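Worksheet: one structure, shown below.
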Amino acid sequence: MRSLGELLAADSSREAWLPMLEVATREVFELMLGCQLGVSSPEEVIPDVTAMVGMAGQLCGVLSVRCSGKAAALMTSKMLGVELDKVGPEMSDALGEVCNMVAGNFKNKIAGLAEGCMLSPPTVITGSDYSLHSLADSPLEVRFLFEGIPIVISLQVHT
Amino acid sequence: MPIRALIVDDSSVMRKIVERSLRQAGIDLSKVFEAGNGAEALAALQESPVDLILCDINMPVMDGLEFIKQLAGVANAKDVPVVMITTEGSESHVVEALSHGARGYIRKPFTPEQVKEHVVPVLGGKS
């Protein structure tokens with residue numbers, strides 16, 4: 001029987017995580033924002049806002065949520081139940097919490113990982129003129145339409 | 001009977017969501033206090049008695065597990081029911097929280113119905 005660490009290192013296992021990452025994301029949006037995510041979009045997302053949560057332990061990596069400022073503001077509006085034009089600086093906190101909940105929900109779906117993986121506090125980058133370098137392998141990505149706006153959830157895993 | 005609640009989370013957005021969920025769950029809130037970590041929560045309890053505490057686990061300065069350990073030494077708050085609300089879903093966290101006196105454990109993401117399910121029983125008919 002392979003250890004959790006060996007399973008985590010196997011490409012075949014990581015491919016199997018895609019549906020779990022998708023379900024983990026959908027649940028957060030359904031339960032906390034009260035909305036269904038649309039089918040994945042082939043559109044390239046030029047992110048104005050990127051939220052990241054580090055994962056350390058039996059799984060090491062970074063989970064990120066990338067979206068436009070409009071999408072982030074709309075998420076905040078739905079999470080707090082306020083009008084879109086009333087959304088202010090709490091937008092970063094809200095997107096960070098979305099990212100945190102997706103990461104937590106995802107790890108709780110993988111047997112043994114809830115115990116063996118810790119999450120960092122969220123970090124949020126505003127702006128699009130940056131590049132992200134990671135020691136991780138090629139990321140697992142799921143793409144959705146949130147109220148018609150593309151968003152990308154990405155999991156980069158260190159092996 | 002309206003209750004006074006203390007919501008402890010390092011995210012101000014999450015504190016607002018928890019308050020909103022309590023109201024959506026039909027909990028009658030007379031006053032809501034907020035704290036960004038366990039240390040702030042202990043300080044708030046010295047000033048303001050409450051009937052219910054909802055507390056995150058992963059927070060800076062003092063996390064939720066340390067908070068409930070120290071709560072046992074706070075004379076006017078040691079019997080206040082605490083419900084943890086957290087992304088941490090591990091069995092060990094649940095066991096540790098419950099062993100230190102937490103009365104409920106809600107995993108994020110959550111619905112107002114789940115909040116009601118875990119909070120109403122610990123209020124003992126107060127709300």
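Identifiers for the structure tokens are assigned positionally: chains receive A, B, ... in sequence, residues are indexed from 1 per chain, and ligands are indexed from 1 in the order shown.
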
When the cut-off is 12 Å and we count only C-alpha atoms, which residues of chain B are near chain A, given as a short mmCIF file (atom, residue, chain, number, x, y, z; two decimals) with C-alpha atoms, in the first residue's frame?
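Saved to result16.cif:
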```
data_model
loop_
_atom_site.label_atom_id
_atom_site.label_comp_id
_atom_site.auth_asym_id
_atom_site.auth_seq_id
_atom_site.Cartn_x
_atom_site.Cartn_y
_atom_site.Cartn_z
CA ASP B 9 -12.14 35.71 13.41
CA ASP B 10 -9.14 37.47 11.89
CA SER B 11 -11.18 38.24 8.77
CA SER B 12 -13.57 41.16 9.19
CA VAL B 13 -15.52 39.88 6.18
CA MET B 14 -15.96 36.48 7.83
CA ARG B 15 -17.12 38.12 11.07
CA LYS B 16 -19.83 39.93 9.11
CA ILE B 17 -20.80 36.71 7.31
CA VAL B 18 -21.10 34.85 10.61
CA GLU B 19 -23.28 37.61 12.06
CA ARG B 20 -25.44 37.61 8.95
CA SER B 21 -25.76 33.82 9.12
CA GLN B 24 -30.61 34.40 8.84
CA ILE B 57 -9.19 28.39 14.89
CA ASN B 58 -6.39 29.74 12.68
CA MET B 59 -5.72 33.29 13.84
CA PRO B 60 -2.60 35.33 14.59
CA ILE B 85 -16.25 27.97 12.85
CA THR B 86 -13.21 27.06 10.78
CA THR B 87 -11.76 25.69 7.56
CA GLU B 88 -9.81 23.18 9.66
CA GLY B 89 -11.64 19.91 9.19
CA SER B 90 -9.23 17.47 10.78
CA GLU B 91 -10.51 15.05 13.38
CA SER B 92 -7.72 16.05 15.77
CA HIS B 93 -8.79 19.70 15.69
CA VAL B 94 -12.40 18.73 16.36
CA VAL B 95 -11.42 16.44 19.23
CA ARG B 107 -16.68 23.74 8.95
CA LYS B 108 -16.40 26.52 6.39
CA PRO B 109 -18.09 26.78 3.95
CA PHE B 110 -21.37 26.67 5.84
CA THR B 111 -25.03 27.58 5.46
CA PRO B 112 -27.27 29.50 7.88
CA GLU B 113 -29.09 26.19 8.43
CA GLN B 114 -25.87 24.57 9.65
CA VAL B 115 -25.27 27.53 11.94
#
```

Requested in this report: For region 25-33 of chain B, list every protein, DNA or RNA residue within 6 Å, evaluated using only C-alpha atoms, and leave out those in the same chain fewer than 3 positions away; present the list as a VMD selection string.
Outcome: chain B and resid 2 to 6 21 to 22 112 116 127

Query raised in the report: Residues at most 9 Å from Ile53 (chain B), counting only C-alpha atoms, excluding those fewer than 2 positions away in the same chain, as a PyMOL selection string?
Result: chain B and resi 4-8+50-51+55+80-84

Output C-alpha atoms of each residue in that selection to a file, as a PDB file, in the first residue's frame.
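File produced: result_26.pdb:
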```pdb
ATOM      1  CA  ARG B   4     -25.259  38.866  23.008  1.00  0.00           C
ATOM      2  CA  ALA B   5     -22.690  37.204  20.763  1.00  0.00           C
ATOM      3  CA  LEU B   6     -18.934  37.513  20.396  1.00  0.00           C
ATOM      4  CA  ILE B   7     -17.555  36.614  16.948  1.00  0.00           C
ATOM      5  CA  VAL B   8     -13.822  35.894  16.822  1.00  0.00           C
ATOM      6  CA  VAL B  50     -21.911  37.564  26.249  1.00  0.00           C
ATOM      7  CA  ASP B  51     -24.221  34.559  25.848  1.00  0.00           C
ATOM      8  CA  CYS B  55     -14.608  31.351  17.125  1.00  0.00           C
ATOM      9  CA  VAL B  80     -20.411  30.678  27.849  1.00  0.00           C
ATOM     10  CA  PRO B  81     -20.971  28.183  25.010  1.00  0.00           C
ATOM     11  CA  VAL B  82     -18.325  28.303  22.278  1.00  0.00           C
ATOM     12  CA  VAL B  83     -18.920  27.071  18.734  1.00  0.00           C
ATOM     13  CA  MET B  84     -15.882  26.815  16.489  1.00  0.00           C
TER      14      MET B  84
END
```

Requested in this report: Kindly give the distance, in Å, that separates CA of Ser68 (chain A) and CA of Asp48 (chain A), rounded to a single decimal.
Outcome: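 So the answer is 4.7 Å.
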
Requested in this report: Determine which residues of chain A receive a DSSP assignment of strand (DSSP E), computed from the backbone, and state them as a ChimeraX atom specification.
Outcome: /A:49-57,60-67,117-119,123-126,140-146,149-158

Export, as a CSV table (one decimal), in the first residue's frame, the selected residues with N, CA and C atoms.
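Okay, this is what ended up in selection_22.csv:
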```
chain,number,residue,atom,x,y,z
A,49,VAL,N,-7.0,40.8,-9.6
A,49,VAL,CA,-6.8,40.4,-8.2
A,49,VAL,C,-6.5,38.9,-8.2
A,50,THR,N,-5.5,38.6,-7.4
A,50,THR,CA,-5.1,37.2,-7.2
A,50,THR,C,-5.0,36.9,-5.7
A,51,ALA,N,-5.7,35.9,-5.2
A,51,ALA,CA,-5.6,35.5,-3.8
A,51,ALA,C,-4.8,34.2,-3.8
A,52,MET,N,-3.9,34.0,-2.8
A,52,MET,CA,-3.1,32.8,-2.7
A,52,MET,C,-3.1,32.3,-1.2
A,53,VAL,N,-3.2,31.0,-1.1
A,53,VAL,CA,-3.1,30.4,0.2
A,53,VAL,C,-2.0,29.3,0.1
A,54,GLY,N,-1.0,29.3,0.9
A,54,GLY,CA,0.1,28.3,0.9
A,54,GLY,C,-0.4,27.1,1.7
A,55,MET,N,0.1,25.9,1.2
A,55,MET,CA,-0.2,24.7,1.8
A,55,MET,C,1.1,24.0,2.2
A,56,ALA,N,1.2,23.5,3.4
A,56,ALA,CA,2.5,22.9,3.9
A,56,ALA,C,2.2,21.7,4.7
A,57,GLY,N,3.1,20.7,4.6
A,57,GLY,CA,2.9,19.5,5.3
A,57,GLY,C,3.1,18.3,4.3
A,60,CYS,N,2.6,20.2,-0.2
A,60,CYS,CA,3.2,21.5,-0.2
A,60,CYS,C,2.8,22.2,-1.5
A,61,GLY,N,2.4,23.4,-1.4
A,61,GLY,CA,2.1,24.1,-2.7
A,61,GLY,C,1.3,25.4,-2.4
A,62,VAL,N,0.7,25.9,-3.5
A,62,VAL,CA,0.0,27.1,-3.4
A,62,VAL,C,-1.4,27.0,-4.2
A,63,LEU,N,-2.4,27.4,-3.5
A,63,LEU,CA,-3.7,27.4,-4.2
A,63,LEU,C,-4.0,28.9,-4.4
A,64,SER,N,-4.4,29.2,-5.7
A,64,SER,CA,-4.7,30.6,-6.0
A,64,SER,C,-6.1,30.7,-6.7
A,65,VAL,N,-6.7,31.9,-6.5
A,65,VAL,CA,-7.9,32.3,-7.2
A,65,VAL,C,-7.6,33.6,-7.9
A,66,ARG,N,-7.8,33.5,-9.3
A,66,ARG,CA,-7.5,34.7,-10.1
A,66,ARG,C,-8.7,35.2,-10.8
A,67,CYS,N,-9.0,36.5,-10.7
A,67,CYS,CA,-10.2,37.0,-11.4
A,67,CYS,C,-10.0,38.5,-11.6
A,117,CYS,N,-1.9,18.6,6.5
A,117,CYS,CA,-1.6,19.8,5.7
A,117,CYS,C,-2.1,21.0,6.3
A,118,MET,N,-1.3,22.0,6.5
A,118,MET,CA,-1.7,23.3,7.1
A,118,MET,C,-1.8,24.4,6.1
A,119,LEU,N,-2.6,25.3,6.3
A,119,LEU,CA,-2.9,26.4,5.4
A,119,LEU,C,-2.3,27.7,6.0
A,123,THR,N,-2.9,35.6,1.0
A,123,THR,CA,-2.2,36.8,0.5
A,123,THR,C,-3.0,37.2,-0.7
A,124,VAL,N,-3.2,38.5,-0.8
A,124,VAL,CA,-3.9,39.0,-2.0
A,124,VAL,C,-3.1,40.0,-2.7
A,125,ILE,N,-2.9,39.8,-4.0
A,125,ILE,CA,-2.2,40.7,-4.9
A,125,ILE,C,-3.2,41.5,-5.8
A,126,THR,N,-3.1,42.8,-5.8
A,126,THR,CA,-4.0,43.6,-6.7
A,126,THR,C,-3.1,44.2,-7.8
A,140,LEU,N,-2.5,22.4,-11.5
A,140,LEU,CA,-3.9,21.9,-11.8
A,140,LEU,C,-4.8,23.1,-11.9
A,141,GLU,N,-5.6,23.2,-12.9
A,141,GLU,CA,-6.4,24.4,-13.0
A,141,GLU,C,-7.9,24.0,-13.3
A,142,VAL,N,-8.8,24.8,-12.6
A,142,VAL,CA,-10.2,24.7,-13.0
A,142,VAL,C,-10.7,26.1,-13.3
A,143,ARG,N,-11.4,26.1,-14.4
A,143,ARG,CA,-11.9,27.4,-14.8
A,143,ARG,C,-13.5,27.4,-14.7
A,144,PHE,N,-14.0,28.6,-14.3
A,144,PHE,CA,-15.5,28.7,-14.2
A,144,PHE,C,-15.9,30.0,-14.7
A,145,LEU,N,-17.2,30.1,-14.9
A,145,LEU,CA,-17.8,31.4,-15.1
A,145,LEU,C,-18.6,31.8,-13.8
A,146,PHE,N,-18.2,32.9,-13.2
A,146,PHE,CA,-19.0,33.4,-12.1
A,146,PHE,C,-19.8,34.6,-12.5
A,149,ILE,N,-18.5,35.9,-15.6
A,149,ILE,CA,-17.1,36.5,-15.6
A,149,ILE,C,-16.2,35.3,-15.3
A,150,PRO,N,-15.1,35.1,-16.2
A,150,PRO,CA,-14.2,34.0,-15.9
A,150,PRO,C,-13.4,34.2,-14.7
A,151,ILE,N,-13.2,33.0,-14.0
A,151,ILE,CA,-12.3,33.0,-12.8
A,151,ILE,C,-11.5,31.7,-13.0
A,152,VAL,N,-10.3,31.7,-12.4
A,152,VAL,CA,-9.4,30.5,-12.5
A,152,VAL,C,-9.0,30.1,-11.1
A,153,ILE,N,-9.1,28.8,-10.7
A,153,ILE,CA,-8.6,28.3,-9.5
A,153,ILE,C,-7.4,27.4,-9.9
A,154,SER,N,-6.3,27.7,-9.3
A,154,SER,CA,-5.1,27.0,-9.6
A,154,SER,C,-4.4,26.3,-8.4
A,155,LEU,N,-4.0,25.1,-8.6
A,155,LEU,CA,-3.3,24.4,-7.5
A,155,LEU,C,-1.9,24.0,-8.0
A,156,GLN,N,-0.9,24.6,-7.4
A,156,GLN,CA,0.5,24.3,-7.8
A,156,GLN,C,1.1,23.4,-6.6
A,157,VAL,N,1.5,22.2,-7.0
A,157,VAL,CA,2.0,21.3,-5.9
A,157,VAL,C,3.5,21.1,-6.1
A,158,HIS,N,4.2,21.2,-4.9
A,158,HIS,CA,5.6,20.9,-4.9
A,158,HIS,C,5.7,19.4,-4.7
```

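As for CA of Glu40 (chain B) and CA of Lys78 (chain B), they are spaced 15.9 Å apart.
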